[in-house]
file final-v3.txt (compact mmCIF, C-alpha atoms)
# COMPACT_ATOMS: atom_id res chain seq x y z
CA MET A 91 111.87 43.35 67.98
CA SER A 92 108.47 44.90 67.26
CA LEU A 93 107.10 45.23 63.74
CA LEU A 94 107.52 49.01 63.93
CA ALA A 95 111.12 48.76 65.11
CA GLY A 96 111.90 46.25 62.38
CA TRP A 97 110.39 48.51 59.73
CA ARG A 98 112.44 51.46 60.99
CA GLU A 99 115.63 49.42 60.94
CA ARG A 100 115.02 48.29 57.36
CA ARG A 101 114.25 51.86 56.31
CA GLU A 102 117.49 53.06 57.92
CA ARG A 103 119.52 50.38 56.20
CA ARG A 104 117.99 51.31 52.83
CA ARG A 105 118.80 54.98 53.47
CA ILE A 106 122.43 54.20 54.26
CA ALA A 107 122.67 51.90 51.23
CA ARG A 108 121.39 54.70 48.96
CA ARG A 109 123.91 57.16 50.38
CA ARG A 110 126.80 54.73 50.02
CA LYS A 111 125.78 53.97 46.43
CA ALA A 112 125.73 57.70 45.62
CA LEU A 113 129.16 58.14 47.24
CA ARG A 114 130.67 55.28 45.24
CA GLU A 115 129.26 56.63 42.01
CA TYR A 116 130.73 60.04 42.78
CA TYR A 117 134.18 58.72 43.76
CA ALA A 118 134.36 56.48 40.69
CA ARG A 119 134.71 59.56 38.48
CA ALA A 120 135.58 62.49 40.78
CA PRO A 121 138.87 64.35 40.27
CA LEU A 122 140.70 63.67 43.54
CA TRP A 123 143.29 65.96 45.13
CA LEU A 124 146.13 65.19 47.51
CA PRO A 125 147.99 67.60 49.81
CA PRO A 126 151.72 68.22 49.33
CA ARG A 127 153.93 65.20 50.09
CA ALA A 128 150.91 63.03 50.72
CA THR A 129 152.88 59.88 51.61
CA PHE A 130 153.81 61.55 54.90
CA ARG A 131 150.16 62.18 55.83
CA GLN A 132 147.63 60.04 57.56
CA PHE A 133 144.22 59.90 55.88
CA ARG A 134 141.18 59.19 58.04
CA VAL A 135 137.58 58.45 57.17
CA ALA A 136 134.27 58.33 58.99
CA ILE A 137 131.83 55.60 57.98
CA GLU A 138 128.12 55.83 58.70
CA ARG A 139 126.26 53.18 60.63
CA ALA A 140 122.59 52.73 61.40
CA GLY A 141 121.12 55.20 63.85
CA GLY A 142 123.22 58.11 62.60
CA ARG A 143 126.37 56.80 64.27
CA THR A 144 129.77 56.91 62.60
CA TYR A 145 133.04 55.19 63.30
CA PHE A 146 136.47 56.48 62.36
CA ARG A 147 139.35 54.56 60.85
CA LYS A 148 142.61 55.44 59.19
CA ILE A 149 143.44 54.44 55.64
CA ASP A 150 146.14 51.90 56.32
CA ASP A 151 148.18 52.71 53.26
CA ARG A 152 150.75 55.17 51.96
CA VAL A 153 148.59 57.28 49.64
CA ARG A 154 151.04 57.89 46.78
CA ASP A 155 148.60 59.16 44.18
CA PRO A 156 144.88 59.89 43.73
CA GLU A 157 144.19 56.41 42.36
CA VAL A 158 145.35 54.75 45.59
CA LEU A 159 142.97 57.00 47.46
CA ARG A 160 140.16 56.29 44.99
CA GLN A 161 140.44 52.54 45.59
CA TRP A 162 139.92 53.08 49.32
CA LEU A 163 137.02 55.47 48.84
CA LEU A 164 135.26 53.05 46.51
CA ARG A 165 135.79 50.24 48.98
CA LEU A 166 134.71 52.12 52.12
CA ALA A 167 132.24 54.72 50.74
CA PRO A 168 132.94 56.99 53.74
CA SER A 169 130.75 59.88 54.82
CA HIS A 170 133.78 62.06 55.63
CA VAL A 171 137.43 62.08 54.47
CA TYR A 172 140.24 63.92 56.26
CA PHE A 173 144.01 64.40 56.06
CA THR A 174 146.53 65.38 58.73
CA THR A 175 147.64 68.97 58.31
CA SER A 176 151.14 67.97 59.46
CA ARG A 177 153.53 65.54 57.82
CA TRP A 178 154.90 62.67 59.90
CA LEU A 179 157.84 60.30 59.46
CA ASP A 180 155.61 57.28 60.15
CA PRO A 181 152.04 58.52 59.62
CA GLN A 182 150.45 55.06 59.79
CA ARG A 183 151.67 54.61 63.36
CA LEU A 184 150.95 58.14 64.51
CA GLY A 185 149.60 58.05 68.05
CA PRO A 186 148.33 60.52 70.64
CA ARG A 187 150.75 63.06 72.04
CA GLU A 188 149.96 61.81 75.54
CA PRO A 189 149.27 58.05 75.45
CA ARG A 190 146.36 57.01 77.67
CA ARG A 191 148.10 53.84 78.75
CA ARG A 192 151.63 52.60 78.87
CA LYS A 193 152.77 50.74 75.78
CA ALA A 194 155.91 48.83 74.98
CA GLY A 195 158.25 50.24 72.37
CA TYR A 196 159.69 53.63 71.50
CA ARG A 197 156.60 55.81 70.98
CA ILE A 198 158.54 58.89 69.90
CA ALA A 199 159.70 57.07 66.77
CA HIS A 200 156.06 56.96 65.62
CA ASN A 201 155.49 60.65 66.28
CA VAL A 202 158.30 62.48 64.47
CA LEU A 203 156.83 65.63 62.92
CA LEU A 204 158.46 66.60 59.62
CA GLY A 205 156.63 69.88 58.99
CA GLN A 206 153.32 71.60 58.50
CA GLU A 207 151.91 74.10 56.06
CA LEU A 208 149.50 76.74 57.32
CA TYR A 209 145.78 75.91 57.44
CA PHE A 210 142.75 77.91 58.59
CA ASP A 211 139.15 76.99 59.30
CA ILE A 212 136.41 79.63 59.03
CA ASP A 213 132.95 78.63 60.25
CA ALA A 214 129.87 80.83 60.36
CA PRO A 215 126.83 78.61 60.99
CA GLY A 216 123.84 79.85 59.03
CA ASP A 217 125.79 82.78 57.59
CA LEU A 218 127.59 81.82 54.39
CA ALA A 219 127.91 85.50 53.46
CA GLY A 220 129.71 86.17 56.73
CA ALA A 221 132.05 83.23 56.13
CA LYS A 222 132.80 84.59 52.65
CA ALA A 223 133.67 87.99 54.13
CA ASP A 224 136.06 86.45 56.65
CA ALA A 225 137.65 84.25 53.98
CA ALA A 226 138.23 87.26 51.71
CA SER A 227 139.72 89.25 54.60
CA LEU A 228 142.02 86.38 55.53
CA LEU A 229 143.30 86.01 51.97
CA ARG A 230 144.07 89.73 51.83
CA PHE A 231 145.83 89.56 55.21
CA LEU A 232 148.00 86.60 54.20
CA SER A 233 148.87 88.19 50.86
CA ALA A 234 150.00 91.32 52.69
CA GLU A 235 152.28 89.07 54.78
CA GLY A 236 154.01 87.95 51.59
CA LEU A 237 152.32 84.56 51.24
CA ARG A 238 151.55 83.76 47.60
CA GLU A 239 150.72 80.06 47.39
CA LEU A 240 147.21 80.33 48.81
CA ALA A 241 144.17 78.15 48.18
CA LEU A 242 140.54 78.69 49.18
CA VAL A 243 138.31 75.68 49.88
CA TYR A 244 134.60 75.45 50.64
CA SER A 245 134.32 73.08 53.61
CA GLY A 246 131.07 71.46 52.49
CA ASN A 247 129.09 72.81 55.41
CA LYS A 248 129.39 76.08 57.34
CA GLY A 249 132.36 77.89 55.86
CA PHE A 250 135.76 77.78 54.23
CA HIS A 251 139.31 76.57 54.67
CA VAL A 252 142.39 78.50 53.58
CA HIS A 253 145.67 76.72 52.78
CA ALA A 254 149.03 78.52 52.68
CA TYR A 255 151.58 76.20 51.10
CA ASP A 256 154.57 78.57 51.19
CA PHE A 257 154.41 79.26 54.92
CA GLU A 258 157.25 76.91 55.89
CA PRO A 259 160.08 78.36 53.81
CA ARG A 260 159.16 81.90 54.85
CA PHE A 261 158.24 81.60 58.51
CA LEU A 262 159.22 78.22 59.92
CA PRO A 263 162.80 77.95 61.18
CA ARG A 264 164.76 74.71 61.03
CA LEU A 265 163.05 72.24 63.30
CA PRO A 266 164.91 70.96 66.39
CA GLU A 267 166.51 67.54 66.13
CA ASP A 268 164.76 66.43 69.30
CA PRO A 269 161.37 65.04 68.15
CA ARG A 270 159.79 66.06 71.44
CA LYS A 271 160.49 69.74 70.75
CA ARG A 272 159.29 69.86 67.15
CA GLU A 273 155.58 70.33 67.77
CA THR A 274 156.29 73.21 70.14
CA ALA A 275 158.51 74.85 67.52
CA VAL A 276 155.81 74.52 64.84
CA GLN A 277 153.25 76.11 67.14
CA GLY A 278 155.58 78.92 68.13
CA ALA A 279 156.33 79.83 64.51
CA ARG A 280 152.69 80.79 63.90
CA THR A 281 151.72 82.33 67.24
CA ASP A 282 152.36 85.95 66.29
CA LEU A 283 150.66 85.64 62.90
CA VAL A 284 147.55 84.00 64.38
CA ALA A 285 147.34 86.59 67.17
CA ARG A 286 147.38 89.41 64.61
CA ILE A 287 144.70 87.71 62.51
CA VAL A 288 142.46 87.43 65.57
CA ASP A 289 143.17 91.06 66.51
CA ALA A 290 142.09 92.05 62.99
CA GLY A 291 138.65 90.58 63.74
CA ILE A 292 138.87 87.73 61.24
CA GLY A 293 136.86 84.75 62.45
CA ILE A 294 139.18 81.74 62.40
CA ASP A 295 139.18 78.60 64.53
CA VAL A 296 142.50 79.17 66.29
CA GLU A 297 142.90 75.56 67.41
CA VAL A 298 142.83 74.25 63.84
CA THR A 299 145.72 76.50 62.88
CA MET A 300 147.78 76.09 66.04
CA ASP A 301 147.49 72.35 66.69
CA PRO A 302 149.97 70.25 64.63
CA ARG A 303 147.80 67.16 65.15
CA ARG A 304 144.65 68.51 63.55
CA ILE A 305 142.90 66.93 60.58
CA LEU A 306 141.09 68.82 57.83
CA ARG A 307 138.47 67.77 55.31
CA LEU A 308 140.01 66.71 52.01
CA PRO A 309 139.03 68.87 49.01
CA GLY A 310 137.18 66.93 46.35
CA THR A 311 135.34 64.75 48.87
CA ILE A 312 131.76 64.80 50.13
CA HIS A 313 130.57 66.21 53.44
CA GLY A 314 128.48 63.33 54.75
CA LYS A 315 126.03 65.51 56.68
CA THR A 316 125.10 68.00 53.96
CA PHE A 317 126.17 65.93 50.93
CA ASN A 318 127.79 69.09 49.58
CA ILE A 319 131.12 68.88 47.77
CA CYS A 320 134.17 70.16 49.63
CA GLU A 321 135.91 71.96 46.78
CA PHE A 322 138.42 74.60 45.76
CA VAL A 323 136.96 78.03 45.11
CA ASP A 324 138.41 80.71 42.84
CA PRO A 325 138.81 83.74 45.15
CA SER A 326 137.82 86.05 42.32
CA GLY A 327 134.43 84.34 42.19
CA LEU A 328 133.92 84.00 45.94
CA ALA A 329 131.00 86.44 46.10
CA ARG A 330 129.08 84.39 43.51
CA PHE A 331 129.99 80.97 44.90
CA GLN A 332 127.19 78.58 45.80
CA PRO A 333 127.68 75.07 47.21
CA ARG A 334 127.25 72.10 44.92
CA HIS A 335 125.12 69.27 46.26
CA LEU A 336 125.41 65.57 45.46
CA PRO A 337 122.01 63.98 44.82
CA GLN A 338 121.27 60.87 46.87
call {"tool": "encode", "arguments": {"input": "final-v3.txt", "output": "structure tokens"}}
result
Amino acid sequence: MSLLAGWRERRERRRIARRRKALREYYARAPLWLPPRATFRQFRVAIERAGGRTYFRKIDDRVRDPEVLRQWLLRLAPSHVYFTTSRWLDPQRLGPREPRRRKAGYRIAHNVLLGQELYFDIDAPGDLAGAKADAASLLRFLSAEGLRELALVYSGNKGFHVHAYDFEPRFLPRLPEDPRKRETAVQGARTDLVARIVDAGIGIDVEVTMDPRRILRLPGTIHGKTFNICEFVDPSGLARFQPRHLPQ
């Protein structure tokens, strides 16, 4: 290794160490939030390595309360923290819908979907005002549909997320007993609503809402690229909202 390459490597390691120290200091005191029925979710994190690379891993634990999550965040100091938008009977063993290779055992038992609230992702790169306008329009649209338990979240980067916690009791019929049919039923229950939102010209990422296997950034955590806080936003103050940045 040349002297220059060695100097660059040491500089990169110091940079990562500073970021991880800042993350641990933040998570030591941050108010942490968990989605409904968190023990049926899988939580995943991305951890930064030298050269700008990241690797993903799941939190191999049933996250019962914010303090369990805090212990993991202090240990791992991840750059990104996510949760599964769906709830699963055995979230720690959740696998791909279509396994890439044959495995022994009964895979369906590890992929029993229990339910899913409604989640939206609004991204407008370089146009936070545009993302705010779409978020406000989406909240008005969902309210007109009779949804009341709504939450607005700044994603930490290019836009906003909208959560609708009362979607299931109003729009989702009883799920089929056959586990293989449940994901299709969950998708079908939101198809008409999503199509009308798109027709209304509201800029949502359709795949995030339609796919039961999606993950979403966890409110209260740090976006590892921008170092902005992913946080809940009061809709009444949306026009005045500005991202909060974690020093590093």
call {"tool": "residues_around", "arguments": {"input": "final-v3.txt", "residues": "Pro266 (chain A)", "least_positions_apart": "2", "cutoff": "12 Å", "atoms": "all atoms listed in the file", "output": "list in words"}}
result
Val202, Leu203, Leu204, Gly205, Leu262, Pro263, Arg264, Asp268, Pro269, Arg270, Lys271, Arg272, Glu273, Thr274, Ala275 and Val276 of chain A
call {"tool": "residues_around", "arguments": {"input": "final-v3.txt", "residues": "Arg280 (chain A)", "least_positions_apart": "5", "cutoff": "9 Å", "atoms": "all atoms listed in the file", "output": "list in words"}}
result
Leu208, Phe261, Leu262, Ala285, Thr299 and Met300 of chain A
call {"tool": "residues_around", "arguments": {"input": "final-v3.txt", "residues": "Asn201 (chain A)", "least_positions_apart": "3", "cutoff": "12 Å", "atoms": "only C-alpha atoms", "output": "PyMOL selection string"}}
result
chain A and resi 130-132+176-189+196-198+204-205+268-273+302-303
call {"tool": "residues_near_point", "arguments": {"input": "final-v3.txt", "point": "(135.2, 62.2, 51.5)", "cutoff": "8 Å", "atoms": "all atoms listed in the file", "output": "compact mmCIF listing (two decimals) with C-alpha atoms, in the coordinates of the input"}}
result
# COMPACT_ATOMS: atom_id res chain seq x y z
CA VAL A 135 137.58 58.45 57.17
CA LEU A 163 137.02 55.47 48.84
CA PRO A 168 132.94 56.99 53.74
CA SER A 169 130.75 59.88 54.82
CA HIS A 170 133.78 62.06 55.63
CA VAL A 171 137.43 62.08 54.47
CA TYR A 172 140.24 63.92 56.26
CA ARG A 307 138.47 67.77 55.31
CA LEU A 308 140.01 66.71 52.01
CA GLY A 310 137.18 66.93 46.35
CA THR A 311 135.34 64.75 48.87
CA ILE A 312 131.76 64.80 50.13
CA HIS A 313 130.57 66.21 53.44
CA GLY A 314 128.48 63.33 54.75
call {"tool": "closest_residue", "arguments": {"input": "final-v3.txt", "among": "A:Lys248, A:Leu159, A:Asp295, A:Arg238", "to": "Gly220 (chain A)", "atoms": "only C-alpha atoms"}}
result
A:Lys248
call {"tool": "atom_distance", "arguments": {"input": "final-v3.txt", "atom1": "CA of Leu229 (chain A)", "atom2": "CA of Val252 (chain A)"}}
result
7.7 Å
call {"tool": "closest_residue", "arguments": {"input": "final-v3.txt", "among": "A:Arg286, A:His200, A:Arg139, A:Arg160", "to": "Arg105 (chain A)", "atoms": "only C-alpha atoms"}}
result
A:Arg139
call {"tool": "closest_residue", "arguments": {"input": "final-v3.txt", "among": "A:Ala120, A:Ala279, A:Ile212, A:Ala107", "to": "Asn247 (chain A)", "atoms": "all atoms listed in the file"}}
result
A:Ile212
call {"tool": "residues_near_point", "arguments": {"input": "final-v3.txt", "point": "(133.7, 81.5, 52.9)", "cutoff": "9 Å", "atoms": "all atoms listed in the file", "output": "ChimeraX atom specification"}}
result
/A:212-214,218-226,242-245,248-251,328-329,331
call {"tool": "closest_residue", "arguments": {"input": "final-v3.txt", "among": "A:Thr175, A:Gln332, A:Gln338, A:Thr281", "to": "Ala128 (chain A)", "atoms": "only C-alpha atoms"}}
result
A:Thr175
call {"tool": "atom_distance", "arguments": {"input": "final-v3.txt", "atom1": "CA of Arg103 (chain A)", "atom2": "CA of Asp151 (chain A)"}}
result
28.9 Å
call {"tool": "residues_around", "arguments": {"input": "final-v3.txt", "residues": "Phe146 (chain A)", "least_positions_apart": "6", "cutoff": "7 Å", "atoms": "all atoms listed in the file", "output": "PyMOL selection string"}}
result
chain A and resi 134-137
call {"tool": "atom_distance", "arguments": {"input": "final-v3.txt", "atom1": "CA of Asp301 (chain A)", "atom2": "CA of Phe231 (chain A)"}}
result
20.8 Å
call {"tool": "residues_around", "arguments": {"input": "final-v3.txt", "residues": "Glu207 (chain A)", "least_positions_apart": "5", "cutoff": "9 Å", "atoms": "only C-alpha atoms", "output": "PyMOL selection string"}}
result
chain A and resi 126+175-177+253-258
call {"tool": "build_atoms", "arguments": {"input": "final-v3.txt", "residues": "region 211-232 of chain A", "atoms": "N, CA and C atoms", "output": "mmCIF file, in the coordinates of the input"}}
result
data_model
loop_
_atom_site.group_PDB
_atom_site.id
_atom_site.type_symbol
_atom_site.label_atom_id
_atom_site.label_comp_id
_atom_site.auth_asym_id
_atom_site.auth_seq_id
_atom_site.Cartn_x
_atom_site.Cartn_y
_atom_site.Cartn_z
ATOM 1 N N ASP A 211 140.538 77.416 59.382
ATOM 2 C CA ASP A 211 139.150 76.990 59.300
ATOM 3 C C ASP A 211 138.266 78.168 59.678
ATOM 4 N N ILE A 212 137.348 78.520 58.796
ATOM 5 C CA ILE A 212 136.410 79.630 59.030
ATOM 6 C C ILE A 212 135.005 79.049 59.020
ATOM 7 N N ASP A 213 134.320 79.125 60.147
ATOM 8 C CA ASP A 213 132.950 78.630 60.250
ATOM 9 C C ASP A 213 132.023 79.753 60.674
ATOM 10 N N ALA A 214 130.907 79.850 59.995
ATOM 11 C CA ALA A 214 129.870 80.830 60.360
ATOM 12 C C ALA A 214 128.528 80.158 60.175
ATOM 13 N N PRO A 215 128.075 79.369 61.162
ATOM 14 C CA PRO A 215 126.830 78.610 60.990
ATOM 15 C C PRO A 215 125.653 79.498 60.587
ATOM 16 N N GLY A 216 125.005 79.106 59.490
ATOM 17 C CA GLY A 216 123.840 79.850 59.030
ATOM 18 C C GLY A 216 124.141 81.182 58.382
ATOM 19 N N ASP A 217 125.418 81.471 58.130
ATOM 20 C CA ASP A 217 125.790 82.780 57.590
ATOM 21 C C ASP A 217 126.909 82.599 56.576
ATOM 22 N N LEU A 218 126.576 82.053 55.404
ATOM 23 C CA LEU A 218 127.590 81.820 54.390
ATOM 24 C C LEU A 218 128.195 83.137 53.910
ATOM 25 N N ALA A 219 127.387 84.190 53.868
ATOM 26 C CA ALA A 219 127.910 85.500 53.460
ATOM 27 C C ALA A 219 128.965 85.990 54.437
ATOM 28 N N GLY A 220 128.730 85.777 55.727
ATOM 29 C CA GLY A 220 129.710 86.170 56.730
ATOM 30 C C GLY A 220 130.993 85.358 56.607
ATOM 31 N N ALA A 221 130.867 84.059 56.326
ATOM 32 C CA ALA A 221 132.050 83.230 56.130
ATOM 33 C C ALA A 221 132.836 83.682 54.905
ATOM 34 N N LYS A 222 132.129 84.074 53.846
ATOM 35 C CA LYS A 222 132.800 84.590 52.650
ATOM 36 C C LYS A 222 133.590 85.863 52.978
ATOM 37 N N ALA A 223 132.995 86.739 53.771
ATOM 38 C CA ALA A 223 133.670 87.990 54.130
ATOM 39 C C ALA A 223 134.939 87.720 54.916
ATOM 40 N N ASP A 224 134.869 86.783 55.879
ATOM 41 C CA ASP A 224 136.060 86.450 56.650
ATOM 42 C C ASP A 224 137.117 85.787 55.776
ATOM 43 N N ALA A 225 136.694 84.917 54.864
ATOM 44 C CA ALA A 225 137.650 84.250 53.980
ATOM 45 C C ALA A 225 138.366 85.272 53.096
ATOM 46 N N ALA A 226 137.619 86.227 52.546
ATOM 47 C CA ALA A 226 138.230 87.260 51.710
ATOM 48 C C ALA A 226 139.209 88.112 52.513
ATOM 49 N N SER A 227 138.831 88.451 53.739
ATOM 50 C CA SER A 227 139.720 89.250 54.600
ATOM 51 C C SER A 227 140.988 88.484 54.928
ATOM 52 N N LEU A 228 140.847 87.181 55.201
ATOM 53 C CA LEU A 228 142.020 86.380 55.530
ATOM 54 C C LEU A 228 142.969 86.273 54.342
ATOM 55 N N LEU A 229 142.432 86.085 53.150
ATOM 56 C CA LEU A 229 143.300 86.010 51.970
ATOM 57 C C LEU A 229 144.052 87.317 51.753
ATOM 58 N N ARG A 230 143.377 88.443 51.957
ATOM 59 C CA ARG A 230 144.070 89.730 51.830
ATOM 60 C C ARG A 230 145.154 89.879 52.890
ATOM 61 N N PHE A 231 144.861 89.462 54.117
ATOM 62 C CA PHE A 231 145.830 89.560 55.210
ATOM 63 C C PHE A 231 147.074 88.728 54.908
ATOM 64 N N LEU A 232 146.867 87.488 54.475
ATOM 65 C CA LEU A 232 148.000 86.600 54.200
ATOM 66 C C LEU A 232 148.813 87.090 53.009
#
